[in-house]
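Here's the structure we're looking at; comments come further down.
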Protein chains: 2
Amino acid sequence: MDVEEIGSFHIGGRTVTLSGLPPRRMRLTPSAPEREFPSDGDHETGQMYVQYVRLISARARYPLLMWHGGGMTGVTWETKPDGGMGWQWFFLNAGHDVFISDAMERGRAGWSRFPEVYPEAPHFRSKREAWELFRFGPEGSYATDPAARRAFPGQLFPVAAFDAFSRQMVPRWACHDVPTQAAYDALVRRVGPCVIMTHSQGGHFGFTAALHAPELVRAVIAIEPSGAPSGVDVAAMRPIPHLIVMGDYSRESPFWMGLMPVIEQYRGALEARGGVAERMDLPALGIRGNSHFPMMDRNSDQVAGLIQGWMEKRGLMAD
Amino acid sequence: MDVEEIGSFHIGGRTVTLSGLPPRRMRLTPSAPEREFPSDGDHETGQMYVQYVRLISARARYPLLMWHGGGMTGVTWETKPDGGMGWQWFFLNAGHDVFISDAMERGRAGWSRFPEVYPEAPHFRSKREAWELFRFGPEGSYATDPAARRAFPGQLFPVAAFDAFSRQMVPRWACHDVPTQAAYDALVRRVGPCVIMTHSQGGHFGFTAALHAPELVRAVIAIEPSGAPSGVDVAAMRPIPHLIVMGDYSRESPFWMGLMPVIEQYRGALEARGGVAERMDLPALGIRGNSHFPMMDRNSDQVAGLIQGWMEKRGLMAD
């Protein structure tokens, strides 16, 4: 692969000034003396991390921004937990410049102290919660012992790599929608015309980013979105094609069944305004067994190929 | 640049099982219903994140592992805060496969709840502490207003980008030396023969990794190490060249003056056993103005070039 540049930056955020906190006594390295470090003072908060790979000859018309889901980081798009090729590499090979971010509060974006800066403590998702929420297996089928876990029949997520997957998980807050959206919006303004691909929690941010910058967002590809805006005017979305990709086992998950109506409602609103808003329901295409993480499933190349085909069809690649 | 693969993995860590914690009520996305999420159960902890870029035709004999310092992540080695080319890109261009890690507890490695898993809360380094500790300016010269900050005369750190630099900082614990070293040691075993480049806190881990795997580590390049092992047998280090690179303004910093003796003692011990342990004191070479972060200073290419020259001289590049 002919790479022009690999780089990164932080975007968004602000300075907070803290006072009245007790100092910390610490030894920074084993051979350093213990000393006192003040906790008061200025700190940066709310920033997002973005890493990009630019090709010498991109075939895609616009850079591809890849936005992860809740409790995860940009690692979602990298090498799969089973060691296979992830979607970062797939879409680079397909000719896209790729921008992968770690949203505010996680990964290389860093995080801020609570309750002084963030209002509350984060949630630490258990492996069982992930196993069930991400539709790897039915409720109650997680076990500490990997051999005792019972996945859904035909599951394409590499369940033998579930422990490796769990090492990608990071703490998550549920109170940062506004500053996170602001950082995503700033990213779109910085990159310029772009295609946004989201996963799960990222869906709401991606849909909203398009609403906030319809002149810059050229398409939204939402993988398994967990939410969508409601009660908004989507008239400006008419020239911006949307694709919503859903995996299997939703009917076995009351949680996901409960989330679907708001997604369908948003898709319907886009179509009612004359926009393109397709739902790629993988089981309906005869592709059974995908989890909530199709980019990590054994057939991830197949799903990525379908998405790439949609992008070709939508004129997002150079002729 | 001809890139063969960009990828990542997590390494190290273990499963902890928590019980007796109260569940959390949360709304995961704005349009999702609020529901209860248990906090109990299995969680992964102690893992490290590693991202690599492999070249189609590496000229270096061994991959280069780049280990950041305290309160930082692998972003240390990427694009500089002023937007200039960082050392990841420099050393890729010089022909090295590069592995950049986020050590346990930070960045894409994730972190665990305290006090249930980690024994204590982390330290959140203030911008003033960073400004002084990293030798950007003398004690008391930091100000919230960028225009009011007074850097050391001749400072090569791009102080106009100090706020951008501050967005790279992450919380740090002072109680993780043992599991962090274990993850680094596991990384060396996984990669095999390698060269380790460290920054600051990473120095102690890099020196120790060589002591733990002298058959695999081919050189240690410690940029501004903040510590070194003491009271250890360094006989096996004889074939492993060490380079210690120091910037400017140490004499203006009692903290750094206090750390230097243990570094010099270790270097002396390596030499006493017949090993190569060079100290590259940049001011002694006539290069004035480097901060604690020479990889981000305006002359970062110059310093990297000196290190690359040392690697050539030490036989670490293919002929």
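The chains in the structure tokens are called A, B, ... from first to last as shown; in each chain the residues are counted from 1, and the ligands are counted from 1 in the order shown.
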So that I can see what lies close to Gly84 of chain A, please list as a JSON list (two decimals) with N, CA and C atoms, in the first residue's frame the residues with an atom at most 10 Å from it, counting only C-alpha atoms and leaving out residues fewer than 5 positions away in the same chain.
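Below you can see selection-v4.json, which holds the result:
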```json
[["chain", "number", "residue", "atom", "x", "y", "z"],
["A", 78, "GLU", "N", -9.76, -1.60, 13.77],
["A", 78, "GLU", "CA", -8.41, -2.10, 13.45],
["A", 78, "GLU", "C", -8.45, -3.64, 13.36],
["A", 79, "THR", "N", -7.28, -4.24, 13.50],
["A", 79, "THR", "CA", -7.19, -5.70, 13.45],
["A", 79, "THR", "C", -8.28, -6.34, 14.32],
["A", 296, "MET", "N", -16.02, -7.30, 13.03],
["A", 296, "MET", "CA", -15.14, -8.28, 13.68],
["A", 296, "MET", "C", -15.59, -9.71, 13.39],
["A", 297, "ASP", "N", -16.73, -9.87, 12.73],
["A", 297, "ASP", "CA", -17.25, -11.21, 12.47],
["A", 297, "ASP", "C", -16.40, -11.92, 11.42],
["A", 298, "ARG", "N", -16.58, -13.22, 11.33],
["A", 298, "ARG", "CA", -15.75, -14.00, 10.41],
["A", 298, "ARG", "C", -15.97, -13.60, 8.96],
["A", 300, "SER", "N", -16.43, -10.52, 7.91],
["A", 300, "SER", "CA", -16.32, -9.05, 7.88],
["A", 300, "SER", "C", -15.97, -8.53, 6.49],
["A", 301, "ASP", "N", -15.15, -9.28, 5.74],
["A", 301, "ASP", "CA", -14.82, -8.84, 4.38],
["A", 301, "ASP", "C", -16.06, -8.83, 3.48],
["B", 7, "GLY", "N", -1.68, -2.60, 11.88],
["B", 7, "GLY", "CA", -2.53, -3.45, 12.72],
["B", 7, "GLY", "C", -2.34, -3.15, 14.18]]
```
Where in segment 164-256 of chain B does DSSP assign strand (DSSP E or B), given as a PDB file with C-alpha atoms, in the first residue's frame?
```
ATOM      1  CA  ARG B 172      -1.736   8.273  35.650  1.00  0.00           C
ATOM      2  CA  CYS B 194      13.738  -5.937  18.747  1.00  0.00           C
ATOM      3  CA  VAL B 195      15.105  -2.494  19.571  1.00  0.00           C
ATOM      4  CA  ILE B 196      13.381  -0.613  22.408  1.00  0.00           C
ATOM      5  CA  MET B 197      13.112   3.178  22.388  1.00  0.00           C
ATOM      6  CA  THR B 198      11.694   4.696  25.557  1.00  0.00           C
ATOM      7  CA  HIS B 199      10.700   8.101  26.847  1.00  0.00           C
ATOM      8  CA  VAL B 217      16.479  -7.047  23.080  1.00  0.00           C
ATOM      9  CA  ARG B 218      19.123  -5.834  20.616  1.00  0.00           C
ATOM     10  CA  ALA B 219      19.444  -2.229  21.879  1.00  0.00           C
ATOM     11  CA  VAL B 220      17.851   0.207  24.321  1.00  0.00           C
ATOM     12  CA  ILE B 221      17.516   3.878  23.393  1.00  0.00           C
ATOM     13  CA  ALA B 222      16.284   5.820  26.399  1.00  0.00           C
ATOM     14  CA  ILE B 223      15.125   9.368  25.713  1.00  0.00           C
ATOM     15  CA  HIS B 242      22.393   1.369  25.344  1.00  0.00           C
ATOM     16  CA  LEU B 243      21.972   5.011  24.361  1.00  0.00           C
ATOM     17  CA  ILE B 244      20.715   7.660  26.771  1.00  0.00           C
ATOM     18  CA  VAL B 245      19.634  10.969  25.214  1.00  0.00           C
ATOM     19  CA  MET B 246      19.276  14.076  27.386  1.00  0.00           C
TER      20      MET B 246
END
```
Using backbone DSSP assignments, extract all helix (DSSP H, G or I) residues from segment 79-278 of chain B; output them as a VMD selection string.
chain B and resid 87 to 93 127 to 133 146 to 148 159 to 166 177 to 191 202 to 212 235 to 237 250 to 252 254 to 272
Extract, using only C-alpha atoms, all DNA, RNA and protein residues at most 10 Å from Phe205 of chain A, discarding same-chain residues fewer than 2 positions from it, and format them as an MDAnalysis selection string.
(chainID A and resid 67 69 177:178 180:182 184:185 196 198:203 207:211 225 227:229) or (chainID B and resid 29)
For the selection just defined, write its residues with C-alpha atoms to a file, as a PDB file, in the first residue's frame.
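Saved the output as out29.pdb:
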```pdb
ATOM      1  CA  TRP A  67     -16.693   6.473  14.548  1.00  0.00           C
ATOM      2  CA  GLY A  69     -19.611   2.784  19.576  1.00  0.00           C
ATOM      3  CA  ASP A 177     -23.649  13.545  24.378  1.00  0.00           C
ATOM      4  CA  VAL A 178     -23.397  17.312  23.940  1.00  0.00           C
ATOM      5  CA  THR A 180     -18.963  14.600  22.204  1.00  0.00           C
ATOM      6  CA  GLN A 181     -21.197  15.828  19.389  1.00  0.00           C
ATOM      7  CA  ALA A 182     -19.404  19.182  19.457  1.00  0.00           C
ATOM      8  CA  TYR A 184     -17.391  15.298  16.136  1.00  0.00           C
ATOM      9  CA  ASP A 185     -18.843  18.406  14.477  1.00  0.00           C
ATOM     10  CA  ILE A 196     -19.075   9.091   7.966  1.00  0.00           C
ATOM     11  CA  THR A 198     -20.496   4.804  12.502  1.00  0.00           C
ATOM     12  CA  HIS A 199     -20.984   1.874  14.830  1.00  0.00           C
ATOM     13  CA  SER A 200     -23.681   1.541  17.512  1.00  0.00           C
ATOM     14  CA  GLN A 201     -23.639   4.634  19.791  1.00  0.00           C
ATOM     15  CA  GLY A 202     -21.735   6.438  17.028  1.00  0.00           C
ATOM     16  CA  GLY A 203     -24.869   6.284  14.867  1.00  0.00           C
ATOM     17  CA  PHE A 207     -26.740  11.217  11.853  1.00  0.00           C
ATOM     18  CA  THR A 208     -26.554  14.433  13.867  1.00  0.00           C
ATOM     19  CA  ALA A 209     -23.223  15.477  12.338  1.00  0.00           C
ATOM     20  CA  ALA A 210     -24.880  15.297   8.906  1.00  0.00           C
ATOM     21  CA  LEU A 211     -27.789  17.401  10.171  1.00  0.00           C
ATOM     22  CA  PRO A 225     -26.968   2.194  15.157  1.00  0.00           C
ATOM     23  CA  GLY A 227     -30.152   5.578  18.264  1.00  0.00           C
ATOM     24  CA  ALA A 228     -31.258   8.282  15.856  1.00  0.00           C
ATOM     25  CA  PRO A 229     -32.515  11.858  16.146  1.00  0.00           C
TER      26      PRO A 229
ATOM     27  CA  THR B  29     -28.070   6.946  23.714  1.00  0.00           C
TER      28      THR B  29
END
```
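Compared by their closest atoms to chain A, and using only C-alpha atoms, the residues B:Ala143, B:Met1, B:Ile56, B:Cys175 rank with B:Met1 nearest.
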Considering only C-alpha atoms, state which residue in the set B:Phe9, B:Trp111, B:Phe136, B:Phe124 is at the smallest distance from Tyr49 of chain B.
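Answer, going by the shortest atom-to-atom distance: B:Phe9.
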List the spatial neighbours of segment 269-278 of chain B as an NGL selection string - criterion: any atom at most 10 Å away, only C-alpha atoms, same-chain residues fewer than 4 positions off excluded.
:B and (219-221 or 230-245 or 263-265 or 310 or 314)
With a distance cut-off of 10 Å and only C-alpha atoms, select the neighbouring residues of Ser141 of chain B, excluding the residue or stretch itself and same-chain residues fewer than 2 positions from it, and output the selection as a tab-separated table (two decimals) with C-alpha atoms, in the first residue's frame.
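And here is the file that came out, part25.tsv:
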```tsv
chain	number	residue	atom	x	y	z
B	128	ARG	CA	1.42	23.88	35.20
B	131	TRP	CA	5.07	22.87	31.94
B	132	GLU	CA	7.58	22.76	34.79
B	136	PHE	CA	9.36	24.05	29.01
B	137	GLY	CA	9.84	26.95	31.41
B	138	PRO	CA	11.16	27.68	34.92
B	139	GLU	CA	9.10	27.18	38.05
B	143	ALA	CA	0.04	30.95	33.08
B	148	ALA	CA	1.63	35.20	29.55
B	149	ARG	CA	3.71	31.99	29.72
B	150	ARG	CA	7.48	32.47	29.90
B	151	ALA	CA	9.48	29.59	28.42
B	152	PHE	CA	13.19	29.01	28.98
```
Nearest to Ala130 of chain A: which of A:Gly71, A:Gly86, A:Gly95, A:Pro179 is it, counting only C-alpha atoms?
A:Gly71
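The protein and nucleic acid residues lying at most 6 Å from Met104 of chain A are Gly46, Gln47, Met48 and Thr180 of chain A, with only C-alpha atoms considered and sequence neighbours fewer than 6 positions away removed.
Atom pair atom CA of Arg125 of chain B / atom CA of Ile11 of chain A has a distance of 19.6 Å (rounded to one decimal).
With only C-alpha atoms taken into account, the protein and nucleic acid residues at most 9 Å from Ser39 of chain A (excluding it and anything under 4 positions from it in its own chain) are Leu18, Ser19, Gly20, Leu21, Pro22, Pro23 and Arg24 of chain A; His123, Phe124, Arg125 and Ser126 of chain B.
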Restricting the output to N, CA, C and O atoms, write the selected residues as a PDB file, in the first residue's frame.
```pdb
ATOM      1  N   LEU A  18      -9.183  23.949  38.319  1.00  0.00           N
ATOM      2  CA  LEU A  18      -9.654  23.340  39.564  1.00  0.00           C
ATOM      3  C   LEU A  18      -8.926  23.953  40.752  1.00  0.00           C
ATOM      4  O   LEU A  18      -7.770  24.351  40.652  1.00  0.00           O
ATOM      5  N   SER A  19      -9.626  24.006  41.883  1.00  0.00           N
ATOM      6  CA  SER A  19      -8.980  24.523  43.094  1.00  0.00           C
ATOM      7  C   SER A  19      -9.559  23.815  44.316  1.00  0.00           C
ATOM      8  O   SER A  19     -10.634  23.220  44.256  1.00  0.00           O
ATOM      9  N   GLY A  20      -8.806  23.850  45.397  1.00  0.00           N
ATOM     10  CA  GLY A  20      -9.267  23.275  46.655  1.00  0.00           C
ATOM     11  C   GLY A  20      -9.081  21.771  46.775  1.00  0.00           C
ATOM     12  O   GLY A  20      -9.575  21.152  47.715  1.00  0.00           O
ATOM     13  N   LEU A  21      -8.359  21.167  45.808  1.00  0.00           N
ATOM     14  CA  LEU A  21      -8.134  19.720  45.857  1.00  0.00           C
ATOM     15  C   LEU A  21      -6.874  19.412  46.653  1.00  0.00           C
ATOM     16  O   LEU A  21      -5.899  20.165  46.593  1.00  0.00           O
ATOM     17  N   PRO A  22      -6.859  18.297  47.378  1.00  0.00           N
ATOM     18  CA  PRO A  22      -5.641  17.947  48.109  1.00  0.00           C
ATOM     19  C   PRO A  22      -4.539  17.509  47.144  1.00  0.00           C
ATOM     20  O   PRO A  22      -4.826  16.900  46.114  1.00  0.00           O
ATOM     21  N   PRO A  23      -3.284  17.801  47.447  1.00  0.00           N
ATOM     22  CA  PRO A  23      -2.187  17.323  46.583  1.00  0.00           C
ATOM     23  C   PRO A  23      -1.991  15.819  46.757  1.00  0.00           C
ATOM     24  O   PRO A  23      -2.524  15.217  47.683  1.00  0.00           O
ATOM     25  N   ARG A  24      -1.231  15.230  45.818  1.00  0.00           N
ATOM     26  CA  ARG A  24      -0.944  13.794  45.876  1.00  0.00           C
ATOM     27  C   ARG A  24       0.524  13.590  46.207  1.00  0.00           C
ATOM     28  O   ARG A  24       1.393  14.245  45.636  1.00  0.00           O
TER      29      ARG A  24
ATOM     30  N   HIS B 123      -3.565  10.210  39.420  1.00  0.00           N
ATOM     31  CA  HIS B 123      -3.181  11.611  39.499  1.00  0.00           C
ATOM     32  C   HIS B 123      -3.510  12.273  38.165  1.00  0.00           C
ATOM     33  O   HIS B 123      -3.211  11.726  37.106  1.00  0.00           O
ATOM     34  N   PHE B 124      -4.144  13.436  38.228  1.00  0.00           N
ATOM     35  CA  PHE B 124      -4.446  14.218  37.028  1.00  0.00           C
ATOM     36  C   PHE B 124      -3.444  15.362  36.985  1.00  0.00           C
ATOM     37  O   PHE B 124      -3.545  16.317  37.746  1.00  0.00           O
ATOM     38  N   ARG B 125      -2.476  15.235  36.118  1.00  0.00           N
ATOM     39  CA  ARG B 125      -1.402  16.234  36.047  1.00  0.00           C
ATOM     40  C   ARG B 125      -1.954  17.556  35.505  1.00  0.00           C
ATOM     41  O   ARG B 125      -2.594  17.581  34.458  1.00  0.00           O
ATOM     42  N   SER B 126      -1.659  18.626  36.216  1.00  0.00           N
ATOM     43  CA  SER B 126      -2.102  19.937  35.746  1.00  0.00           C
ATOM     44  C   SER B 126      -1.171  20.426  34.639  1.00  0.00           C
ATOM     45  O   SER B 126      -0.037  19.955  34.486  1.00  0.00           O
TER      46      SER B 126
END
```
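Among A:Gln302, A:Thr76, A:Ser166, A:Ser112, the residue with the shortest atom-to-atom distance to Arg14 of chain B, counting only C-alpha atoms, is A:Ser166.
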Could you please determine the separation between atom CA of Pro38 of chain A and atom CA of Trp77 of chain B in Å, to one decimal place?
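A separation of 27.2 Å between them.
Atom CA of Gln155 of chain A lies 19.6 Å from atom CA of Gly305 of chain A.
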